[in-house]
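Next up, model_14.cif (mmCIF, N, CA and C atoms):
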```cif
data_target
loop_
_atom_site.label_atom_id
_atom_site.label_comp_id
_atom_site.auth_asym_id
_atom_site.auth_seq_id
_atom_site.Cartn_x
_atom_site.Cartn_y
_atom_site.Cartn_z
N MET A 25 12.89 77.74 -24.57
CA MET A 25 13.93 77.08 -23.79
C MET A 25 15.24 77.85 -23.88
N GLU A 26 15.42 78.61 -24.94
CA GLU A 26 16.67 79.36 -25.07
C GLU A 26 16.84 80.35 -23.92
N ALA A 27 15.76 80.99 -23.49
CA ALA A 27 15.86 81.92 -22.36
C ALA A 27 16.27 81.20 -21.08
N ALA A 28 15.76 80.00 -20.87
CA ALA A 28 16.14 79.21 -19.69
C ALA A 28 17.61 78.80 -19.79
N LEU A 29 18.06 78.44 -20.98
CA LEU A 29 19.48 78.09 -21.16
C LEU A 29 20.38 79.29 -20.90
N GLN A 30 19.95 80.48 -21.30
CA GLN A 30 20.73 81.69 -21.00
C GLN A 30 20.85 81.89 -19.50
N GLU A 31 19.78 81.67 -18.78
CA GLU A 31 19.82 81.79 -17.32
C GLU A 31 20.75 80.74 -16.72
N ALA A 32 20.75 79.54 -17.28
CA ALA A 32 21.64 78.47 -16.79
C ALA A 32 23.10 78.84 -17.03
N ARG A 33 23.40 79.37 -18.20
CA ARG A 33 24.78 79.79 -18.49
C ARG A 33 25.21 80.91 -17.55
N ALA A 34 24.33 81.85 -17.28
CA ALA A 34 24.65 82.94 -16.36
C ALA A 34 24.88 82.41 -14.95
N ALA A 35 24.10 81.41 -14.54
CA ALA A 35 24.31 80.79 -13.23
C ALA A 35 25.70 80.17 -13.15
N ALA A 36 26.10 79.46 -14.20
CA ALA A 36 27.42 78.83 -14.22
C ALA A 36 28.52 79.88 -14.10
N GLU A 37 28.35 81.00 -14.77
CA GLU A 37 29.34 82.08 -14.70
C GLU A 37 29.46 82.64 -13.28
N ARG A 38 28.38 82.56 -12.50
CA ARG A 38 28.40 83.01 -11.11
C ARG A 38 28.91 81.93 -10.16
N GLY A 39 29.24 80.75 -10.72
CA GLY A 39 29.69 79.64 -9.88
C GLY A 39 28.57 78.81 -9.31
N GLU A 40 27.36 79.01 -9.83
CA GLU A 40 26.19 78.25 -9.39
C GLU A 40 25.97 77.07 -10.32
N THR A 41 25.31 76.03 -9.82
CA THR A 41 24.94 74.92 -10.68
C THR A 41 24.09 75.47 -11.82
N PRO A 42 24.47 75.16 -13.07
CA PRO A 42 23.80 75.78 -14.22
C PRO A 42 22.41 75.25 -14.52
N VAL A 43 21.45 75.80 -13.80
CA VAL A 43 20.04 75.50 -14.05
C VAL A 43 19.34 76.84 -14.24
N GLY A 44 18.52 76.93 -15.27
CA GLY A 44 17.76 78.14 -15.54
C GLY A 44 16.30 77.83 -15.74
N ALA A 45 15.46 78.82 -15.43
CA ALA A 45 14.02 78.64 -15.55
C ALA A 45 13.37 79.95 -15.99
N VAL A 46 12.30 79.82 -16.77
CA VAL A 46 11.49 80.97 -17.14
C VAL A 46 10.01 80.62 -17.02
N VAL A 47 9.24 81.60 -16.62
CA VAL A 47 7.79 81.45 -16.57
C VAL A 47 7.23 82.23 -17.75
N VAL A 48 6.35 81.58 -18.50
CA VAL A 48 5.77 82.17 -19.70
C VAL A 48 4.25 82.24 -19.55
N ARG A 49 3.70 83.40 -19.91
CA ARG A 49 2.24 83.57 -19.93
C ARG A 49 1.88 84.24 -21.24
N ASP A 50 0.96 83.65 -21.97
CA ASP A 50 0.50 84.20 -23.25
C ASP A 50 1.67 84.47 -24.20
N GLY A 51 2.63 83.56 -24.20
CA GLY A 51 3.77 83.68 -25.12
C GLY A 51 4.84 84.67 -24.69
N GLU A 52 4.69 85.28 -23.52
CA GLU A 52 5.66 86.27 -23.03
C GLU A 52 6.36 85.75 -21.78
N VAL A 53 7.68 85.91 -21.74
CA VAL A 53 8.44 85.56 -20.54
C VAL A 53 8.14 86.62 -19.49
N ILE A 54 7.54 86.20 -18.37
CA ILE A 54 7.21 87.15 -17.31
C ILE A 54 8.17 87.05 -16.13
N ALA A 55 9.00 86.01 -16.10
CA ALA A 55 10.01 85.86 -15.05
C ALA A 55 11.09 84.92 -15.54
N ALA A 56 12.32 85.22 -15.14
CA ALA A 56 13.45 84.38 -15.54
C ALA A 56 14.47 84.37 -14.40
N ALA A 57 15.05 83.21 -14.14
CA ALA A 57 16.02 83.10 -13.05
C ALA A 57 16.94 81.92 -13.28
N GLY A 58 18.10 82.01 -12.67
CA GLY A 58 19.04 80.90 -12.60
C GLY A 58 19.28 80.60 -11.14
N ASN A 59 19.89 79.46 -10.88
CA ASN A 59 20.20 79.10 -9.50
C ASN A 59 20.99 80.19 -8.80
N ARG A 60 20.70 80.41 -7.52
CA ARG A 60 21.43 81.40 -6.71
C ARG A 60 21.60 80.90 -5.27
N THR A 61 21.68 79.59 -5.08
CA THR A 61 21.77 79.05 -3.73
C THR A 61 23.04 79.49 -3.01
N ARG A 62 24.15 79.52 -3.70
CA ARG A 62 25.42 79.93 -3.07
C ARG A 62 25.42 81.44 -2.82
N GLU A 63 25.07 82.18 -3.84
CA GLU A 63 25.08 83.64 -3.73
C GLU A 63 24.20 84.15 -2.59
N LEU A 64 23.00 83.60 -2.48
CA LEU A 64 22.04 84.04 -1.47
C LEU A 64 22.15 83.25 -0.17
N ARG A 65 23.01 82.22 -0.17
CA ARG A 65 23.13 81.33 0.99
C ARG A 65 21.75 80.84 1.41
N ASP A 66 21.04 80.34 0.41
CA ASP A 66 19.64 79.94 0.59
C ASP A 66 19.42 78.63 -0.16
N PRO A 67 19.21 77.53 0.56
CA PRO A 67 19.02 76.24 -0.12
C PRO A 67 17.75 76.16 -0.96
N THR A 68 16.84 77.13 -0.81
CA THR A 68 15.62 77.14 -1.63
C THR A 68 15.74 78.04 -2.85
N ALA A 69 16.89 78.65 -3.06
CA ALA A 69 17.05 79.60 -4.18
C ALA A 69 17.35 78.88 -5.49
N HIS A 70 16.54 77.87 -5.79
CA HIS A 70 16.63 77.16 -7.06
C HIS A 70 16.00 78.02 -8.15
N ALA A 71 16.44 77.82 -9.37
CA ALA A 71 15.95 78.62 -10.50
C ALA A 71 14.42 78.62 -10.58
N GLU A 72 13.82 77.45 -10.43
CA GLU A 72 12.36 77.35 -10.55
C GLU A 72 11.66 78.16 -9.46
N VAL A 73 12.12 78.02 -8.23
CA VAL A 73 11.50 78.73 -7.11
C VAL A 73 11.63 80.23 -7.30
N LEU A 74 12.82 80.68 -7.68
CA LEU A 74 13.02 82.12 -7.90
C LEU A 74 12.14 82.65 -9.02
N ALA A 75 12.05 81.90 -10.11
CA ALA A 75 11.21 82.33 -11.24
C ALA A 75 9.73 82.36 -10.84
N ILE A 76 9.29 81.37 -10.10
CA ILE A 76 7.90 81.33 -9.64
C ILE A 76 7.63 82.52 -8.71
N ARG A 77 8.56 82.81 -7.80
CA ARG A 77 8.38 83.97 -6.91
C ARG A 77 8.24 85.26 -7.72
N MET A 78 9.12 85.44 -8.71
CA MET A 78 9.06 86.66 -9.53
C MET A 78 7.75 86.75 -10.30
N ALA A 79 7.32 85.63 -10.86
CA ALA A 79 6.08 85.62 -11.64
C ALA A 79 4.88 85.93 -10.74
N CYS A 80 4.86 85.36 -9.55
CA CYS A 80 3.76 85.63 -8.62
C CYS A 80 3.72 87.11 -8.25
N GLU A 81 4.89 87.68 -8.03
CA GLU A 81 4.97 89.12 -7.74
C GLU A 81 4.42 89.93 -8.91
N ARG A 82 4.81 89.52 -10.10
CA ARG A 82 4.38 90.28 -11.30
C ARG A 82 2.87 90.23 -11.50
N VAL A 83 2.27 89.06 -11.28
CA VAL A 83 0.82 88.95 -11.49
C VAL A 83 0.01 89.20 -10.22
N ALA A 84 0.71 89.49 -9.12
CA ALA A 84 0.06 89.80 -7.83
C ALA A 84 -0.86 88.67 -7.38
N SER A 85 -0.34 87.45 -7.44
CA SER A 85 -1.10 86.29 -7.00
C SER A 85 -0.15 85.18 -6.60
N GLU A 86 -0.59 84.31 -5.70
CA GLU A 86 0.22 83.16 -5.33
C GLU A 86 0.00 81.98 -6.28
N ARG A 87 -0.85 82.16 -7.25
CA ARG A 87 -1.16 81.10 -8.22
C ARG A 87 -0.86 81.57 -9.63
N LEU A 88 -0.42 80.63 -10.45
CA LEU A 88 -0.05 80.93 -11.84
C LEU A 88 -0.74 79.95 -12.80
N PRO A 89 -2.06 79.85 -12.76
CA PRO A 89 -2.75 78.82 -13.54
C PRO A 89 -2.64 78.95 -15.06
N GLY A 90 -2.44 80.12 -15.58
CA GLY A 90 -2.31 80.28 -17.03
C GLY A 90 -0.87 80.34 -17.49
N CYS A 91 0.04 79.92 -16.62
CA CYS A 91 1.47 80.05 -16.92
C CYS A 91 2.15 78.71 -17.13
N ASP A 92 3.20 78.74 -17.93
CA ASP A 92 4.02 77.56 -18.19
C ASP A 92 5.42 77.82 -17.68
N LEU A 93 6.08 76.78 -17.20
CA LEU A 93 7.44 76.88 -16.70
C LEU A 93 8.36 76.08 -17.61
N TRP A 94 9.42 76.72 -18.06
CA TRP A 94 10.46 76.08 -18.85
C TRP A 94 11.71 76.03 -17.98
N VAL A 95 12.28 74.86 -17.81
CA VAL A 95 13.46 74.71 -16.96
C VAL A 95 14.44 73.74 -17.62
N THR A 96 15.72 73.99 -17.42
CA THR A 96 16.73 73.20 -18.12
C THR A 96 16.94 71.81 -17.54
N LEU A 97 16.57 71.61 -16.28
CA LEU A 97 16.77 70.32 -15.61
C LEU A 97 15.47 69.88 -14.94
N GLU A 98 15.24 68.59 -14.94
CA GLU A 98 14.07 68.04 -14.26
C GLU A 98 14.00 68.57 -12.83
N PRO A 99 12.88 69.13 -12.42
CA PRO A 99 12.77 69.68 -11.08
C PRO A 99 12.94 68.64 -9.97
N CYS A 100 13.55 69.10 -8.87
CA CYS A 100 13.75 68.29 -7.66
C CYS A 100 12.43 68.28 -6.86
N PRO A 101 12.36 67.56 -5.75
CA PRO A 101 11.13 67.55 -4.95
C PRO A 101 10.69 68.94 -4.48
N LEU A 102 11.63 69.77 -4.05
CA LEU A 102 11.30 71.13 -3.61
C LEU A 102 10.62 71.91 -4.73
N CYS A 103 11.23 71.88 -5.90
CA CYS A 103 10.71 72.66 -7.03
C CYS A 103 9.41 72.07 -7.57
N ALA A 104 9.31 70.75 -7.59
CA ALA A 104 8.07 70.12 -8.05
C ALA A 104 6.91 70.52 -7.14
N ALA A 105 7.16 70.58 -5.83
CA ALA A 105 6.11 71.00 -4.91
C ALA A 105 5.72 72.46 -5.16
N ALA A 106 6.71 73.32 -5.39
CA ALA A 106 6.41 74.72 -5.67
C ALA A 106 5.59 74.86 -6.95
N ILE A 107 5.93 74.06 -7.96
CA ILE A 107 5.19 74.06 -9.23
C ILE A 107 3.74 73.67 -8.99
N SER A 108 3.55 72.64 -8.18
CA SER A 108 2.20 72.18 -7.86
C SER A 108 1.42 73.25 -7.11
N PHE A 109 2.02 73.81 -6.06
CA PHE A 109 1.32 74.82 -5.25
C PHE A 109 1.03 76.09 -6.05
N ALA A 110 1.89 76.43 -7.00
CA ALA A 110 1.66 77.61 -7.84
C ALA A 110 0.62 77.36 -8.93
N ARG A 111 0.24 76.11 -9.10
CA ARG A 111 -0.74 75.73 -10.12
C ARG A 111 -0.25 76.05 -11.54
N ILE A 112 1.04 75.81 -11.76
CA ILE A 112 1.61 75.98 -13.10
C ILE A 112 0.85 75.08 -14.06
N ARG A 113 0.50 75.60 -15.22
CA ARG A 113 -0.29 74.86 -16.21
C ARG A 113 0.51 73.75 -16.88
N ARG A 114 1.69 74.12 -17.41
CA ARG A 114 2.53 73.15 -18.12
C ARG A 114 3.98 73.30 -17.68
N LEU A 115 4.66 72.17 -17.57
CA LEU A 115 6.09 72.14 -17.25
C LEU A 115 6.82 71.56 -18.45
N TYR A 116 7.80 72.30 -18.92
CA TYR A 116 8.68 71.83 -20.00
C TYR A 116 10.09 71.78 -19.41
N PHE A 117 10.77 70.65 -19.54
CA PHE A 117 12.13 70.62 -19.03
C PHE A 117 13.07 69.94 -20.00
N GLY A 118 14.37 70.21 -19.81
CA GLY A 118 15.41 69.69 -20.68
C GLY A 118 15.90 68.32 -20.25
N ALA A 119 16.97 68.31 -19.47
CA ALA A 119 17.62 67.06 -19.07
C ALA A 119 16.90 66.41 -17.89
N GLU A 120 16.81 65.09 -17.93
CA GLU A 120 16.30 64.34 -16.79
C GLU A 120 17.38 64.31 -15.71
N ASP A 121 16.94 64.15 -14.46
CA ASP A 121 17.86 64.08 -13.33
C ASP A 121 17.56 62.82 -12.53
N PRO A 122 18.15 61.68 -12.94
CA PRO A 122 17.86 60.41 -12.26
C PRO A 122 18.17 60.42 -10.77
N LYS A 123 19.15 61.22 -10.37
CA LYS A 123 19.55 61.26 -8.96
C LYS A 123 18.66 62.18 -8.12
N GLY A 124 18.34 63.36 -8.62
CA GLY A 124 17.62 64.34 -7.81
C GLY A 124 16.27 64.76 -8.32
N GLY A 125 15.87 64.28 -9.48
CA GLY A 125 14.60 64.69 -10.06
C GLY A 125 13.41 64.11 -9.33
N ALA A 126 12.26 64.77 -9.50
CA ALA A 126 11.04 64.31 -8.83
C ALA A 126 9.83 64.33 -9.74
N VAL A 127 10.07 64.39 -11.06
CA VAL A 127 8.96 64.45 -12.00
C VAL A 127 8.83 63.13 -12.75
N VAL A 128 9.86 62.74 -13.48
CA VAL A 128 9.87 61.44 -14.17
C VAL A 128 10.85 60.49 -13.50
N SER A 129 11.60 61.01 -12.54
CA SER A 129 12.56 60.22 -11.76
C SER A 129 12.13 60.26 -10.30
N GLY A 130 12.81 59.50 -9.47
CA GLY A 130 12.61 59.58 -8.02
C GLY A 130 11.17 59.42 -7.58
N VAL A 131 10.72 60.35 -6.76
CA VAL A 131 9.39 60.25 -6.13
C VAL A 131 8.23 60.48 -7.09
N ARG A 132 8.49 61.04 -8.26
CA ARG A 132 7.42 61.34 -9.22
C ARG A 132 6.25 62.04 -8.52
N LEU A 133 6.54 63.19 -7.98
CA LEU A 133 5.60 63.91 -7.13
C LEU A 133 4.23 64.11 -7.76
N PHE A 134 4.19 64.41 -9.04
CA PHE A 134 2.90 64.71 -9.68
C PHE A 134 2.03 63.46 -9.83
N ASP A 135 2.61 62.28 -9.67
CA ASP A 135 1.84 61.04 -9.75
C ASP A 135 1.30 60.60 -8.39
N GLN A 136 1.66 61.30 -7.33
CA GLN A 136 1.23 60.91 -5.99
C GLN A 136 -0.20 61.35 -5.72
N PRO A 137 -0.98 60.51 -5.03
CA PRO A 137 -2.38 60.88 -4.75
C PRO A 137 -2.51 62.11 -3.85
N THR A 138 -1.46 62.46 -3.13
CA THR A 138 -1.50 63.63 -2.25
C THR A 138 -1.10 64.92 -2.96
N CYS A 139 -0.74 64.83 -4.22
CA CYS A 139 -0.34 66.02 -4.98
C CYS A 139 -1.57 66.89 -5.25
N HIS A 140 -1.49 68.16 -4.88
CA HIS A 140 -2.62 69.08 -5.03
C HIS A 140 -2.95 69.39 -6.49
N HIS A 141 -1.93 69.56 -7.30
CA HIS A 141 -2.12 69.93 -8.71
C HIS A 141 -0.96 69.36 -9.51
N ALA A 142 -1.26 68.74 -10.61
CA ALA A 142 -0.22 68.20 -11.50
C ALA A 142 -0.29 68.93 -12.84
N PRO A 143 0.81 69.57 -13.22
CA PRO A 143 0.82 70.24 -14.53
C PRO A 143 0.95 69.21 -15.65
N GLU A 144 0.67 69.63 -16.85
CA GLU A 144 1.05 68.81 -18.00
C GLU A 144 2.57 68.84 -18.03
N VAL A 145 3.20 67.72 -18.34
CA VAL A 145 4.67 67.64 -18.32
C VAL A 145 5.18 67.22 -19.69
N TYR A 146 6.18 67.97 -20.16
CA TYR A 146 6.84 67.67 -21.44
C TYR A 146 8.34 67.71 -21.20
N ALA A 147 9.01 66.63 -21.53
CA ALA A 147 10.45 66.51 -21.25
C ALA A 147 11.27 66.46 -22.54
N GLY A 148 12.57 66.72 -22.39
CA GLY A 148 13.51 66.52 -23.47
C GLY A 148 13.80 67.74 -24.33
N PHE A 149 13.38 68.94 -23.92
CA PHE A 149 13.62 70.14 -24.71
C PHE A 149 15.06 70.61 -24.51
N ALA A 150 15.82 70.70 -25.61
CA ALA A 150 17.24 71.09 -25.55
C ALA A 150 17.98 70.22 -24.54
N GLU A 151 17.59 68.98 -24.47
CA GLU A 151 18.13 68.05 -23.47
C GLU A 151 19.65 67.92 -23.55
N ARG A 152 20.16 67.77 -24.77
CA ARG A 152 21.61 67.60 -24.93
C ARG A 152 22.38 68.81 -24.43
N GLU A 153 21.93 69.99 -24.82
CA GLU A 153 22.63 71.21 -24.41
C GLU A 153 22.55 71.42 -22.90
N ALA A 154 21.38 71.20 -22.32
CA ALA A 154 21.21 71.36 -20.88
C ALA A 154 22.10 70.38 -20.12
N ALA A 155 22.13 69.14 -20.57
CA ALA A 155 22.96 68.13 -19.91
C ALA A 155 24.44 68.46 -20.05
N GLU A 156 24.84 68.94 -21.21
CA GLU A 156 26.26 69.28 -21.42
C GLU A 156 26.68 70.46 -20.55
N LEU A 157 25.82 71.43 -20.35
CA LEU A 157 26.13 72.54 -19.43
C LEU A 157 26.46 72.00 -18.04
N LEU A 158 25.65 71.08 -17.57
CA LEU A 158 25.87 70.49 -16.25
C LEU A 158 27.15 69.65 -16.21
N ARG A 159 27.35 68.81 -17.23
CA ARG A 159 28.56 67.98 -17.27
C ARG A 159 29.82 68.84 -17.27
N ALA A 160 29.84 69.86 -18.11
CA ALA A 160 31.01 70.73 -18.20
C ALA A 160 31.26 71.46 -16.89
N PHE A 161 30.20 71.93 -16.26
CA PHE A 161 30.32 72.64 -14.98
C PHE A 161 30.97 71.75 -13.93
N PHE A 162 30.48 70.52 -13.79
CA PHE A 162 31.02 69.64 -12.77
C PHE A 162 32.38 69.06 -13.16
N ARG A 163 32.63 68.89 -14.43
CA ARG A 163 33.94 68.42 -14.89
C ARG A 163 35.02 69.44 -14.51
N GLU A 164 34.72 70.72 -14.69
CA GLU A 164 35.67 71.79 -14.31
C GLU A 164 35.97 71.77 -12.83
N ARG A 165 35.00 71.45 -12.03
CA ARG A 165 35.20 71.45 -10.57
C ARG A 165 36.01 70.24 -10.12
N ARG A 166 35.94 69.15 -10.85
CA ARG A 166 36.70 67.94 -10.49
C ARG A 166 38.16 68.05 -10.91
N ASP A 167 38.43 68.80 -11.98
CA ASP A 167 39.81 68.89 -12.50
C ASP A 167 40.70 69.77 -11.65
#
```

So that I can check it, write out the structure of this file as structure tokens.
Amino acid sequence: MEAALQEARAAAERGETPVGAVVVRDGEVIAAAGNRTRELRDPTAHAEVLAIRMACERVASERLPGCDLWVTLEPCPLCAAAISFARIRRLYFGAEDPKGGAVVSGVRLFDQPTCHHAPEVYAGFAEREAAELLRAFFRERRD
């Protein structure tokens, strides 16, 4: 999770919402990304989507069945769908997102009968630090 937190901090430094994600296979980080929606002017440039794209490129496949995704914030519906389509094995995330999340909050995409693949889900990793990164980022913008 530390690598995902580093990506989140780097995103904040770029003025992006501080969310970071890493894809791990066999104990090795094979892709890492932070949010880049503003920089790329792309509403799909979420940390999870970017990391999944990089990992797929690295393994030369559209599927990542032996891979795990670590992300600092509960994935939104867009990212949860990408996780499902990529066949990510396990999802580990930090802070829950009651407003925009889609894993344990909101639509709970992986619990839907139409979901193609549901990863194992583990929540609460570095939750306090991930949540504080987000709070501090938005607090600075309000002041």

Practice task
Within 8 Å of Val83 (chain A), counting all atoms listed in the file, which residues show up once you throw out same-chain ones fewer than 5 positions away? Write them as a PyMOL selection string, please.
Solution key: chain A and resi 54+77-78

- Message: Residues of region 32-159 of chain A classed as strand (DSSP E or B) by DSSP on the backbone are to be reported as a PyMOL selection string.
- Response: chain A and resi 44-49+52-58+91-97+114-119+144-147

In Å and to one decimal, atom N of Gly124 (chain A) is distant from CA of Cys100 (chain A) by 6.8 Å

Legend entry - Selection result of the PyMOL selection byres ((chain A and resi 59) around 8) on this file, as a VMD selection string: chain A and resid 31 to 32 34 to 36 39 to 45 57 to 58 60 to 64 69 to 72 74

Report task. Please indicate the distance in Å from CA of Pro99 (chain A) to atom N of Arg114 (chain A), rounded to one decimal place. Result ->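 Atom-to-atom, CA of Pro99 (chain A) to atom N of Arg114 (chain A), that is 13.5 Å.
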
Pairwise distance, CA of Ala105 (chain A) with CA of Asp50 (chain A), equals 23.3 Å

request  = Considering only C-alpha atoms, state which residue in the set A:Val46, A:Val131, A:Ala160, A:Ile76 is at the smallest distance from Pro89 (chain A).
outcome  =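 With only C-alpha atoms as the atom set, the closest residue is A:Ile76.
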
Could you check the closest approach to Leu133 (chain A) for each of A:Leu102, A:Tyr146, A:Arg38, A:Val48 and tell me which residue wins, using only C-alpha atoms?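 Looking only at the distances to Leu133 (chain A), the closest residue turns out to be A:Leu102.
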
Test item: residues at most 7 Å from Gly118 (chain A), all atoms listed in the file, excluding those fewer than 2 positions along its chain, as a PDB file with N, CA and C atoms, in the coordinates of the input:
```pdb
ATOM      1  N   TRP A  94       9.420  76.720 -18.060  1.00  0.00           N
ATOM      2  CA  TRP A  94      10.460  76.080 -18.850  1.00  0.00           C
ATOM      3  C   TRP A  94      11.710  76.030 -17.980  1.00  0.00           C
ATOM      4  N   VAL A  95      12.280  74.860 -17.810  1.00  0.00           N
ATOM      5  CA  VAL A  95      13.460  74.710 -16.960  1.00  0.00           C
ATOM      6  C   VAL A  95      14.440  73.740 -17.620  1.00  0.00           C
ATOM      7  N   THR A  96      15.720  73.990 -17.420  1.00  0.00           N
ATOM      8  CA  THR A  96      16.730  73.200 -18.120  1.00  0.00           C
ATOM      9  C   THR A  96      16.940  71.810 -17.540  1.00  0.00           C
ATOM     10  N   LEU A  97      16.570  71.610 -16.280  1.00  0.00           N
ATOM     11  CA  LEU A  97      16.770  70.320 -15.610  1.00  0.00           C
ATOM     12  C   LEU A  97      15.470  69.880 -14.940  1.00  0.00           C
ATOM     13  N   GLU A  98      15.240  68.590 -14.940  1.00  0.00           N
ATOM     14  CA  GLU A  98      14.070  68.040 -14.260  1.00  0.00           C
ATOM     15  C   GLU A  98      14.000  68.570 -12.830  1.00  0.00           C
ATOM     16  N   TYR A 116       7.800  72.300 -18.920  1.00  0.00           N
ATOM     17  CA  TYR A 116       8.680  71.830 -20.000  1.00  0.00           C
ATOM     18  C   TYR A 116      10.090  71.780 -19.410  1.00  0.00           C
ATOM     19  N   GLU A 120      16.810  65.090 -17.930  1.00  0.00           N
ATOM     20  CA  GLU A 120      16.300  64.340 -16.790  1.00  0.00           C
ATOM     21  C   GLU A 120      17.380  64.310 -15.710  1.00  0.00           C
ATOM     22  N   TYR A 146       6.180  67.970 -20.160  1.00  0.00           N
ATOM     23  CA  TYR A 146       6.840  67.670 -21.440  1.00  0.00           C
ATOM     24  C   TYR A 146       8.340  67.710 -21.200  1.00  0.00           C
ATOM     25  N   ALA A 147       9.010  66.630 -21.530  1.00  0.00           N
ATOM     26  CA  ALA A 147      10.450  66.510 -21.250  1.00  0.00           C
ATOM     27  C   ALA A 147      11.270  66.460 -22.540  1.00  0.00           C
ATOM     28  N   GLY A 148      12.570  66.720 -22.390  1.00  0.00           N
ATOM     29  CA  GLY A 148      13.510  66.520 -23.470  1.00  0.00           C
ATOM     30  C   GLY A 148      13.800  67.740 -24.330  1.00  0.00           C
ATOM     31  N   PHE A 149      13.380  68.940 -23.920  1.00  0.00           N
ATOM     32  CA  PHE A 149      13.620  70.140 -24.710  1.00  0.00           C
ATOM     33  C   PHE A 149      15.060  70.610 -24.510  1.00  0.00           C
ATOM     34  N   ALA A 150      15.820  70.700 -25.610  1.00  0.00           N
ATOM     35  CA  ALA A 150      17.240  71.090 -25.550  1.00  0.00           C
ATOM     36  C   ALA A 150      17.980  70.220 -24.540  1.00  0.00           C
ATOM     37  N   GLU A 151      17.590  68.980 -24.470  1.00  0.00           N
ATOM     38  CA  GLU A 151      18.130  68.050 -23.470  1.00  0.00           C
ATOM     39  C   GLU A 151      19.650  67.920 -23.550  1.00  0.00           C
ATOM     40  N   ARG A 152      20.160  67.770 -24.770  1.00  0.00           N
ATOM     41  CA  ARG A 152      21.610  67.600 -24.930  1.00  0.00           C
ATOM     42  C   ARG A 152      22.380  68.810 -24.430  1.00  0.00           C
ATOM     43  N   ALA A 154      21.380  71.200 -22.320  1.00  0.00           N
ATOM     44  CA  ALA A 154      21.210  71.360 -20.880  1.00  0.00           C
ATOM     45  C   ALA A 154      22.100  70.380 -20.120  1.00  0.00           C
ATOM     46  N   ALA A 155      22.130  69.140 -20.570  1.00  0.00           N
ATOM     47  CA  ALA A 155      22.960  68.130 -19.910  1.00  0.00           C
ATOM     48  C   ALA A 155      24.440  68.460 -20.050  1.00  0.00           C
TER      49      ALA A 155
END
```

Could you get me a file of region 151-165 of chain A with N, CA and C atoms, as a tab-separated table (two decimals), in the first residue's frame, taken from the block above?
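Once everything was written out, this is result-v3.tsv:
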```tsv
chain	number	residue	atom	x	y	z
A	151	GLU	N	-5.99	3.04	5.87
A	151	GLU	CA	-7.22	3.81	5.71
A	151	GLU	C	-7.09	5.24	6.25
A	152	ARG	N	-6.52	5.36	7.43
A	152	ARG	CA	-6.39	6.70	8.04
A	152	ARG	C	-5.53	7.63	7.19
A	153	GLU	N	-4.40	7.12	6.74
A	153	GLU	CA	-3.49	7.95	5.94
A	153	GLU	C	-4.11	8.32	4.59
A	154	ALA	N	-4.76	7.35	3.95
A	154	ALA	CA	-5.40	7.62	2.66
A	154	ALA	C	-6.51	8.66	2.81
A	155	ALA	N	-7.31	8.51	3.85
A	155	ALA	CA	-8.40	9.47	4.08
A	155	ALA	C	-7.86	10.85	4.40
A	156	GLU	N	-6.79	10.92	5.18
A	156	GLU	CA	-6.21	12.22	5.53
A	156	GLU	C	-5.62	12.92	4.31
A	157	LEU	N	-5.02	12.18	3.40
A	157	LEU	CA	-4.53	12.79	2.16
A	157	LEU	C	-5.66	13.49	1.42
A	158	LEU	N	-6.80	12.82	1.32
A	158	LEU	CA	-7.95	13.39	0.64
A	158	LEU	C	-8.51	14.59	1.40
A	159	ARG	N	-8.66	14.46	2.71
A	159	ARG	CA	-9.18	15.58	3.51
A	159	ARG	C	-8.30	16.81	3.38
A	160	ALA	N	-6.99	16.63	3.50
A	160	ALA	CA	-6.06	17.75	3.42
A	160	ALA	C	-6.10	18.39	2.04
A	161	PHE	N	-6.17	17.58	1.00
A	161	PHE	CA	-6.23	18.09	-0.37
A	161	PHE	C	-7.45	18.99	-0.56
A	162	PHE	N	-8.61	18.51	-0.14
A	162	PHE	CA	-9.83	19.30	-0.34
A	162	PHE	C	-9.93	20.47	0.63
A	163	ARG	N	-9.38	20.33	1.81
A	163	ARG	CA	-9.36	21.43	2.78
A	163	ARG	C	-8.56	22.61	2.20
A	164	GLU	N	-7.42	22.31	1.58
A	164	GLU	CA	-6.60	23.37	0.96
A	164	GLU	C	-7.35	24.09	-0.15
A	165	ARG	N	-8.17	23.38	-0.87
A	165	ARG	CA	-8.91	24.00	-1.98
A	165	ARG	C	-10.06	24.86	-1.47
```
